[in-house]
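One file, entry.txt, carrying compact mmCIF, C-alpha atoms:
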```
# COMPACT_ATOMS: atom_id res chain seq x y z
CA MET A 1 -47.31 7.76 97.71
CA GLN A 2 -49.82 6.66 100.33
CA PHE A 3 -53.41 7.89 100.45
CA VAL A 4 -54.80 7.91 103.99
CA ASP A 5 -58.53 8.05 104.70
CA CYS A 6 -59.27 10.12 107.83
CA ARG A 7 -63.04 10.41 107.66
CA TRP A 8 -64.84 10.70 110.98
CA GLN A 9 -67.92 12.13 112.68
CA LEU A 10 -67.89 13.69 116.14
CA GLY A 11 -69.90 11.62 118.60
CA HIS A 12 -70.20 8.69 116.19
CA PRO A 13 -66.86 6.83 116.21
CA GLU A 14 -68.25 4.00 114.09
CA VAL A 15 -68.91 6.25 111.08
CA GLY A 16 -65.32 6.66 109.86
CA PRO A 17 -64.50 2.93 109.57
CA GLU A 18 -67.92 2.29 108.00
CA LEU A 19 -67.37 4.96 105.35
CA TYR A 20 -63.92 3.57 104.58
CA ARG A 21 -65.23 0.03 104.11
CA ALA A 22 -68.10 1.30 101.95
CA GLY A 23 -65.75 2.99 99.50
CA HIS A 24 -62.29 4.61 99.51
CA ILE A 25 -59.50 5.60 97.13
CA PRO A 26 -57.90 2.34 95.95
CA GLY A 27 -54.86 1.49 98.04
CA ALA A 28 -55.74 3.98 100.79
CA SER A 29 -55.12 3.06 104.41
CA PHE A 30 -57.33 4.31 107.25
CA LEU A 31 -56.41 6.19 110.41
CA ASP A 32 -59.09 6.78 113.02
CA VAL A 33 -59.30 10.25 114.56
CA GLU A 34 -60.75 8.82 117.77
CA THR A 35 -58.37 5.93 118.40
CA GLU A 36 -55.18 6.55 116.38
CA LEU A 37 -54.93 10.31 115.85
CA SER A 38 -55.90 10.96 119.49
CA ALA A 39 -55.21 9.49 122.91
CA PRO A 40 -58.14 8.45 125.11
CA PRO A 41 -59.87 11.46 126.72
CA GLY A 42 -59.34 12.28 130.35
CA GLY A 43 -55.62 11.68 130.49
CA ALA A 44 -52.82 14.01 131.52
CA ASN A 45 -53.05 16.02 128.29
CA GLY A 46 -56.68 16.99 128.86
CA GLY A 47 -59.52 17.55 126.44
CA ARG A 48 -61.66 15.24 124.33
CA HIS A 49 -58.97 14.49 121.75
CA PRO A 50 -55.54 14.59 123.44
CA LEU A 51 -52.52 14.14 121.22
CA PRO A 52 -51.49 10.49 120.84
CA ALA A 53 -48.37 9.33 122.63
CA PRO A 54 -45.38 9.41 120.24
CA ALA A 55 -44.87 5.64 120.29
CA ASP A 56 -48.57 5.02 119.66
CA PHE A 57 -48.62 7.41 116.72
CA ALA A 58 -45.46 5.91 115.23
CA ARG A 59 -47.01 2.45 115.44
CA ALA A 60 -50.28 3.60 113.79
CA ALA A 61 -48.52 5.60 111.07
CA GLY A 62 -46.21 2.70 110.22
CA ALA A 63 -49.15 0.29 110.03
CA ALA A 64 -50.83 2.73 107.64
CA GLY A 65 -47.87 2.52 105.27
CA ILE A 66 -46.20 5.81 106.21
CA GLY A 67 -42.42 5.56 106.12
CA SER A 68 -39.60 8.09 106.03
CA ASP A 69 -39.77 8.52 102.25
CA THR A 70 -43.54 8.34 101.86
CA LEU A 71 -45.53 11.16 100.32
CA VAL A 72 -48.80 11.14 102.27
CA VAL A 73 -52.05 12.43 100.78
CA ALA A 74 -54.69 12.63 103.50
CA TYR A 75 -58.40 13.08 102.88
CA ASP A 76 -61.66 13.21 104.78
CA GLN A 77 -65.20 14.28 103.89
CA GLY A 78 -65.92 17.93 103.25
CA MET A 79 -62.71 19.06 104.98
CA ASN A 80 -64.10 18.37 108.46
CA GLY A 81 -60.72 18.20 110.17
CA GLY A 82 -59.61 14.57 110.11
CA ALA A 83 -57.13 15.02 107.26
CA ALA A 84 -55.81 18.27 108.74
CA ARG A 85 -55.29 16.51 112.07
CA LEU A 86 -53.11 13.90 110.35
CA TRP A 87 -51.29 16.66 108.42
CA TRP A 88 -50.53 18.46 111.68
CA LEU A 89 -49.49 15.30 113.56
CA LEU A 90 -47.15 14.12 110.82
CA ARG A 91 -45.41 17.49 110.74
CA HIS A 92 -45.33 17.62 114.55
CA PHE A 93 -43.52 14.28 114.57
CA GLY A 94 -41.07 15.31 111.84
CA HIS A 95 -42.66 14.10 108.59
CA ASP A 96 -43.19 17.11 106.30
CA ASP A 97 -43.94 15.23 103.07
CA VAL A 98 -47.71 15.40 103.47
CA ALA A 99 -50.56 16.99 101.53
CA ILE A 100 -54.34 17.16 101.83
CA LEU A 101 -56.80 16.34 99.06
CA ARG A 102 -58.67 19.63 98.80
CA GLY A 103 -62.41 19.09 99.06
CA GLY A 104 -62.08 15.62 100.54
CA LEU A 105 -63.18 12.38 98.92
CA GLU A 106 -66.02 14.25 97.20
CA SER A 107 -63.44 15.91 94.95
CA TRP A 108 -61.81 12.61 93.91
CA LEU A 109 -62.41 11.98 90.19
CA GLY A 110 -61.11 8.41 90.09
CA PRO A 111 -62.65 5.09 91.12
CA VAL A 112 -63.31 4.00 94.69
CA ARG A 113 -63.03 0.53 96.17
CA ALA A 114 -64.99 -1.12 98.98
CA GLY A 115 -63.73 -3.41 101.70
CA GLU A 116 -60.34 -3.52 103.41
CA GLU A 117 -56.88 -2.95 101.94
CA ARG A 118 -53.72 -4.95 102.56
CA VAL A 119 -51.21 -2.22 103.39
CA GLU A 120 -47.57 -3.16 103.82
CA PRO A 121 -46.45 -1.94 107.28
CA VAL A 122 -43.26 0.12 107.46
CA GLU A 123 -41.27 1.84 110.19
CA PHE A 124 -42.16 5.43 111.06
CA HIS A 125 -39.31 7.41 112.61
CA LEU A 126 -40.13 10.09 115.16
CA HIS A 127 -38.46 13.51 115.04
CA PRO A 128 -40.80 15.62 117.23
CA ARG A 129 -40.90 19.37 116.94
CA GLY A 130 -40.94 21.53 120.04
CA ASP A 131 -42.23 24.81 118.65
CA ASP A 132 -45.77 24.05 117.46
CA LEU A 133 -47.66 23.53 120.75
CA ILE A 134 -48.97 25.75 123.51
CA SER A 135 -50.52 24.78 126.85
CA ALA A 136 -53.36 26.28 128.87
CA ASP A 137 -50.87 27.63 131.41
CA GLU A 138 -48.83 29.29 128.67
CA ILE A 139 -51.98 30.88 127.25
CA GLU A 140 -52.87 32.19 130.72
CA GLU A 141 -49.44 33.76 130.97
CA ARG A 142 -49.47 35.30 127.47
CA ARG A 143 -53.05 36.38 126.81
CA GLY A 144 -53.56 40.11 126.64
CA LYS A 145 -49.89 40.79 126.03
CA PRO A 146 -48.67 42.57 122.88
CA GLY A 147 -47.56 40.29 120.10
CA PHE A 148 -49.74 37.33 121.12
CA VAL A 149 -52.81 36.40 119.05
CA LEU A 150 -55.16 33.66 120.25
CA VAL A 151 -57.56 32.32 117.61
CA ASP A 152 -60.82 30.47 118.35
CA ALA A 153 -61.66 28.32 115.31
CA ARG A 154 -65.19 27.33 116.38
CA ALA A 155 -68.45 28.54 114.86
CA PRO A 156 -69.36 32.15 115.79
CA GLU A 157 -72.34 31.16 117.95
CA ARG A 158 -70.16 28.87 120.07
CA TYR A 159 -67.47 31.53 120.33
CA ARG A 160 -70.04 34.09 121.53
CA GLY A 161 -71.44 31.61 124.05
CA GLU A 162 -74.94 31.62 122.56
CA LEU A 163 -74.94 27.82 122.50
CA GLU A 164 -72.65 25.03 123.58
CA PRO A 165 -73.75 21.58 122.40
CA ILE A 166 -70.79 19.62 123.76
CA ASP A 167 -68.83 21.20 126.58
CA PRO A 168 -70.04 22.13 130.09
CA VAL A 169 -69.42 25.88 129.75
CA ALA A 170 -70.29 28.26 126.90
CA GLY A 171 -68.07 31.12 125.73
CA HIS A 172 -64.45 31.58 124.76
CA ILE A 173 -61.02 32.18 126.23
CA PRO A 174 -60.79 35.89 127.14
CA GLY A 175 -58.99 37.89 124.48
CA ALA A 176 -59.40 35.27 121.74
CA VAL A 177 -60.50 36.36 118.27
CA ASN A 178 -62.96 34.25 116.28
CA MET A 179 -61.74 32.77 113.01
CA PRO A 180 -64.13 29.91 112.12
CA TYR A 181 -62.35 26.97 110.52
CA ALA A 182 -64.90 26.84 107.69
CA ALA A 183 -64.15 30.44 106.61
CA GLU A 184 -61.13 32.09 105.06
CA PRO A 185 -58.71 33.27 107.77
CA SER A 186 -58.60 36.93 108.73
CA ALA A 187 -55.40 38.92 108.34
CA VAL A 188 -52.92 38.13 111.11
CA ASP A 189 -49.58 39.78 111.79
CA PRO A 190 -47.03 37.20 110.53
CA ASP A 191 -44.58 38.41 113.19
CA ALA A 192 -47.00 37.71 116.06
CA GLU A 193 -47.03 34.57 118.17
CA VAL A 194 -50.26 32.92 117.02
CA ALA A 195 -52.05 30.08 118.78
CA VAL A 196 -55.23 28.31 117.67
CA TYR A 197 -57.84 26.27 119.51
CA CYS A 198 -61.26 24.81 118.73
CA GLY A 199 -63.47 22.43 120.67
CA SER A 200 -60.96 19.64 121.10
CA GLY A 201 -57.96 20.30 118.87
CA VAL A 202 -59.12 18.70 115.60
CA THR A 203 -60.72 21.38 113.41
CA ALA A 204 -58.21 23.93 114.73
CA CYS A 205 -55.71 22.13 112.47
CA LEU A 206 -57.72 23.37 109.47
CA THR A 207 -57.23 26.96 110.61
CA ILE A 208 -53.51 26.33 111.21
CA LEU A 209 -53.28 24.97 107.67
CA ALA A 210 -55.10 28.01 106.25
CA LEU A 211 -52.86 30.38 108.20
CA GLU A 212 -49.77 28.60 106.93
CA ARG A 213 -50.99 29.07 103.37
CA ALA A 214 -51.27 32.79 104.20
CA GLY A 215 -47.67 32.84 105.46
CA VAL A 216 -48.44 32.72 109.20
CA ASP A 217 -47.03 30.09 111.56
CA ALA A 218 -49.41 29.09 114.34
CA LYS A 219 -49.27 26.82 117.37
CA LEU A 220 -51.96 24.36 118.41
CA TYR A 221 -53.56 24.32 121.84
CA PRO A 222 -54.43 20.59 121.86
CA GLY A 223 -56.76 20.59 124.86
CA SER A 224 -58.73 23.47 123.36
CA TRP A 225 -62.09 24.52 124.79
CA SER A 226 -62.87 21.02 126.07
CA GLU A 227 -59.91 21.24 128.45
CA TRP A 228 -60.11 24.97 129.21
CA SER A 229 -63.79 24.90 130.17
CA SER A 230 -63.40 21.78 132.34
CA ARG A 231 -60.63 23.42 134.39
CA GLY A 232 -62.78 26.34 135.48
CA LEU A 233 -60.52 28.91 133.84
CA ALA A 234 -61.65 32.41 132.88
CA VAL A 235 -64.48 32.63 130.32
CA GLU A 236 -65.67 35.49 128.13
CA ARG A 237 -68.97 35.74 126.21
CA GLY A 238 -70.19 37.97 123.46
```
Let me see the structure of the file written as structure tokens.
Amino acid sequence: MQFVDCRWQLGHPEVGPELYRAGHIPGASFLDVETELSAPPGGANGGRHPLPAPADFARAAGAAGIGSDTLVVAYDQGMNGGAARLWWLLRHFGHDDVAILRGGLESWLGPVRAGEERVEPVEFHLHPRGDDLISADEIEERRGKPGFVLVDARAPERYRGELEPIDPVAGHIPGAVNMPYAAEPSAVDPDAEVAVYCGSGVTACLTILALERAGVDAKLYPGSWSEWSSRGLAVERG
């Protein structure tokens, strides 16, 4: 079993590594949401947190001690999305033996250890899935059609367009329903095609996880609102 620390703070990339060095579950490795669980922003994938290239993710996962037979237990702080992002990425690349420590490090009852860990690197084998992603163009083609449910996992005030602290445009993708990642998911038809987005594809993974627990499969729109709003696509408010 390999614990993986995925703590992070949006807009403050130094926080995650600092928290890890200050105290983590003994033996845990660290994967950075900004540099290892995402590609650099502005690339072909779009958005603030594009998916990492397969080879880059395999290299990072292997260095973190994740091999073919490894049970991974990911954690962050307060379930803010880092652990769910790793959960989603591992499954996307074919590694299903992964769990999340509910409640994050705050729920850990054992000791913590400061400093760095010496983690034995292993080989991570890629087996990418092809059924768990959706693009902006595919959303444009499907939205408004029967049997398609688009979920916005951001806070209600961002969904309604009352404020937008990060992206250039406020509002949501027309036809999307709001299901904030911090709340229990609403009932969704398990036979529908469900897609989820957030600001940049990180906290949406929490909603995908919650939907899976409710028996609903959902796809991730990785670019999320950060890509959609930058492309000048249709916007709805209210």
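Residue nearest Ala39 in chain A within the list A:Val188, A:Ala55, A:Leu126, A:Val15: A:Ala55 [criterion: smallest interatomic distance, all atoms listed in the file].
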Self-check item: Contacts of range 133-142 of chain A within 8 Å, all atoms listed in the file, excl. fewer than 6 positions in-chain, as a list in words
Solution: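 The residues that qualify are Phe148, Ala195, Lys219, Leu220, Tyr221, Pro222, Gly223 and Trp228 of chain A.
Proximity to Pro185 in chain A was assessed for A:Leu209, A:Val73, A:Ile100, A:Val112 counting only C-alpha atoms; the smallest distance is recorded for A:Leu209.
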Quiz item: Given the choices A:Asp97, A:Asp217, A:Asp152, A:Glu227, which gets closest to Ala204 in chain A if the distance is worked out from only C-alpha atoms?
Solution: A:Asp152
Quiz prompt | A:Val98, A:Ala114, A:Ala61, A:Val177 ranked by distance to Pro17 in chain A, top pick (using only C-alpha atoms) | solution =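 Looking at the shortest contact to Pro17 in chain A, the residue is A:Ala114.
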Quiz item: So what do you get for CA of Ala58 in chain A versus CA of Gln2 in chain A, distance-wise?
Solution: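 We find that CA of Ala58 in chain A and CA of Gln2 in chain A lie 15.5 Å from each other.
For the residues A:Gly16, A:Pro174, A:Gly78, A:Gly199, ranking by smallest atom-to-atom distance to Gly46 in chain A using only C-alpha atoms places A:Gly199 first.
Neighbours of Arg129 in chain A closer than or equal to 9 Å, with only C-alpha atoms counted and sequence neighbours fewer than 4 positions away skipped, come out as Arg91, His92, Phe93, Gly94 and Leu133 of chain A.
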Quiz item: Which is closest to Val216 in chain A among A:Ala84, A:Val149, A:Ile173, A:Leu233, if we use only C-alpha atoms?
Solution: A:Val149
How close does each residue of range 72-184 of chain A get to range 25-33 of chain A, giving the shortest atom pair and distance in Å to one decimal for every residue with an atom at most 8 Å away, counting only C-alpha atoms, sorted by chain and residue number, as a Markdown table?
```
| residue | atom | partner | partner_atom | distance |
| --- | --- | --- | --- | --- |
| A:Gly82 | CA | A:Val33 | CA | 6.2 |
| A:Arg85 | CA | A:Val33 | CA | 7.8 |
| A:Leu105 | CA | A:Ile25 | CA | 7.9 |
| A:Gly110 | CA | A:Ile25 | CA | 7.7 |
| A:Pro111 | CA | A:Ile25 | CA | 6.8 |
| A:Val112 | CA | A:Ile25 | CA | 4.8 |
| A:Arg113 | CA | A:Pro26 | CA | 5.4 |
| A:Glu117 | CA | A:Gly27 | CA | 6.2 |
| A:Arg118 | CA | A:Gly27 | CA | 8.0 |
| A:Val119 | CA | A:Ser29 | CA | 6.6 |
```
Exercise. Dump as a list of chain:residue names all residues having an atom at most 9 Å from (-60.5, 20.3, 117.5), computed in the file's coordinates with all atoms listed in the file.
Key: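 Counting all atoms listed in the file, I find these residues within 9 Å of (-60.5, 20.3, 117.5): A:Arg48, A:His49, A:Gly81, A:Arg85, A:Ala153, A:Arg154, A:Tyr197, A:Cys198, A:Gly199, A:Ser200, A:Gly201, A:Val202, A:Thr203, A:Ala204, A:Cys205, A:Pro222, A:Gly223, A:Ser224, A:Trp225, A:Ser226.
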Self-check item: Near-Ala218 in chain A list (10 Å; all atoms listed in the file; drop same-chain fewer than 4 positions) as a count of residues only
Solution: 20
Quiz item: What is the CA of Gly161 in chain A to CA of Gly232 in chain A distance in Å?
Solution: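 For CA of Gly161 in chain A relative to CA of Gly232 in chain A, the distance reads 15.3 Å.
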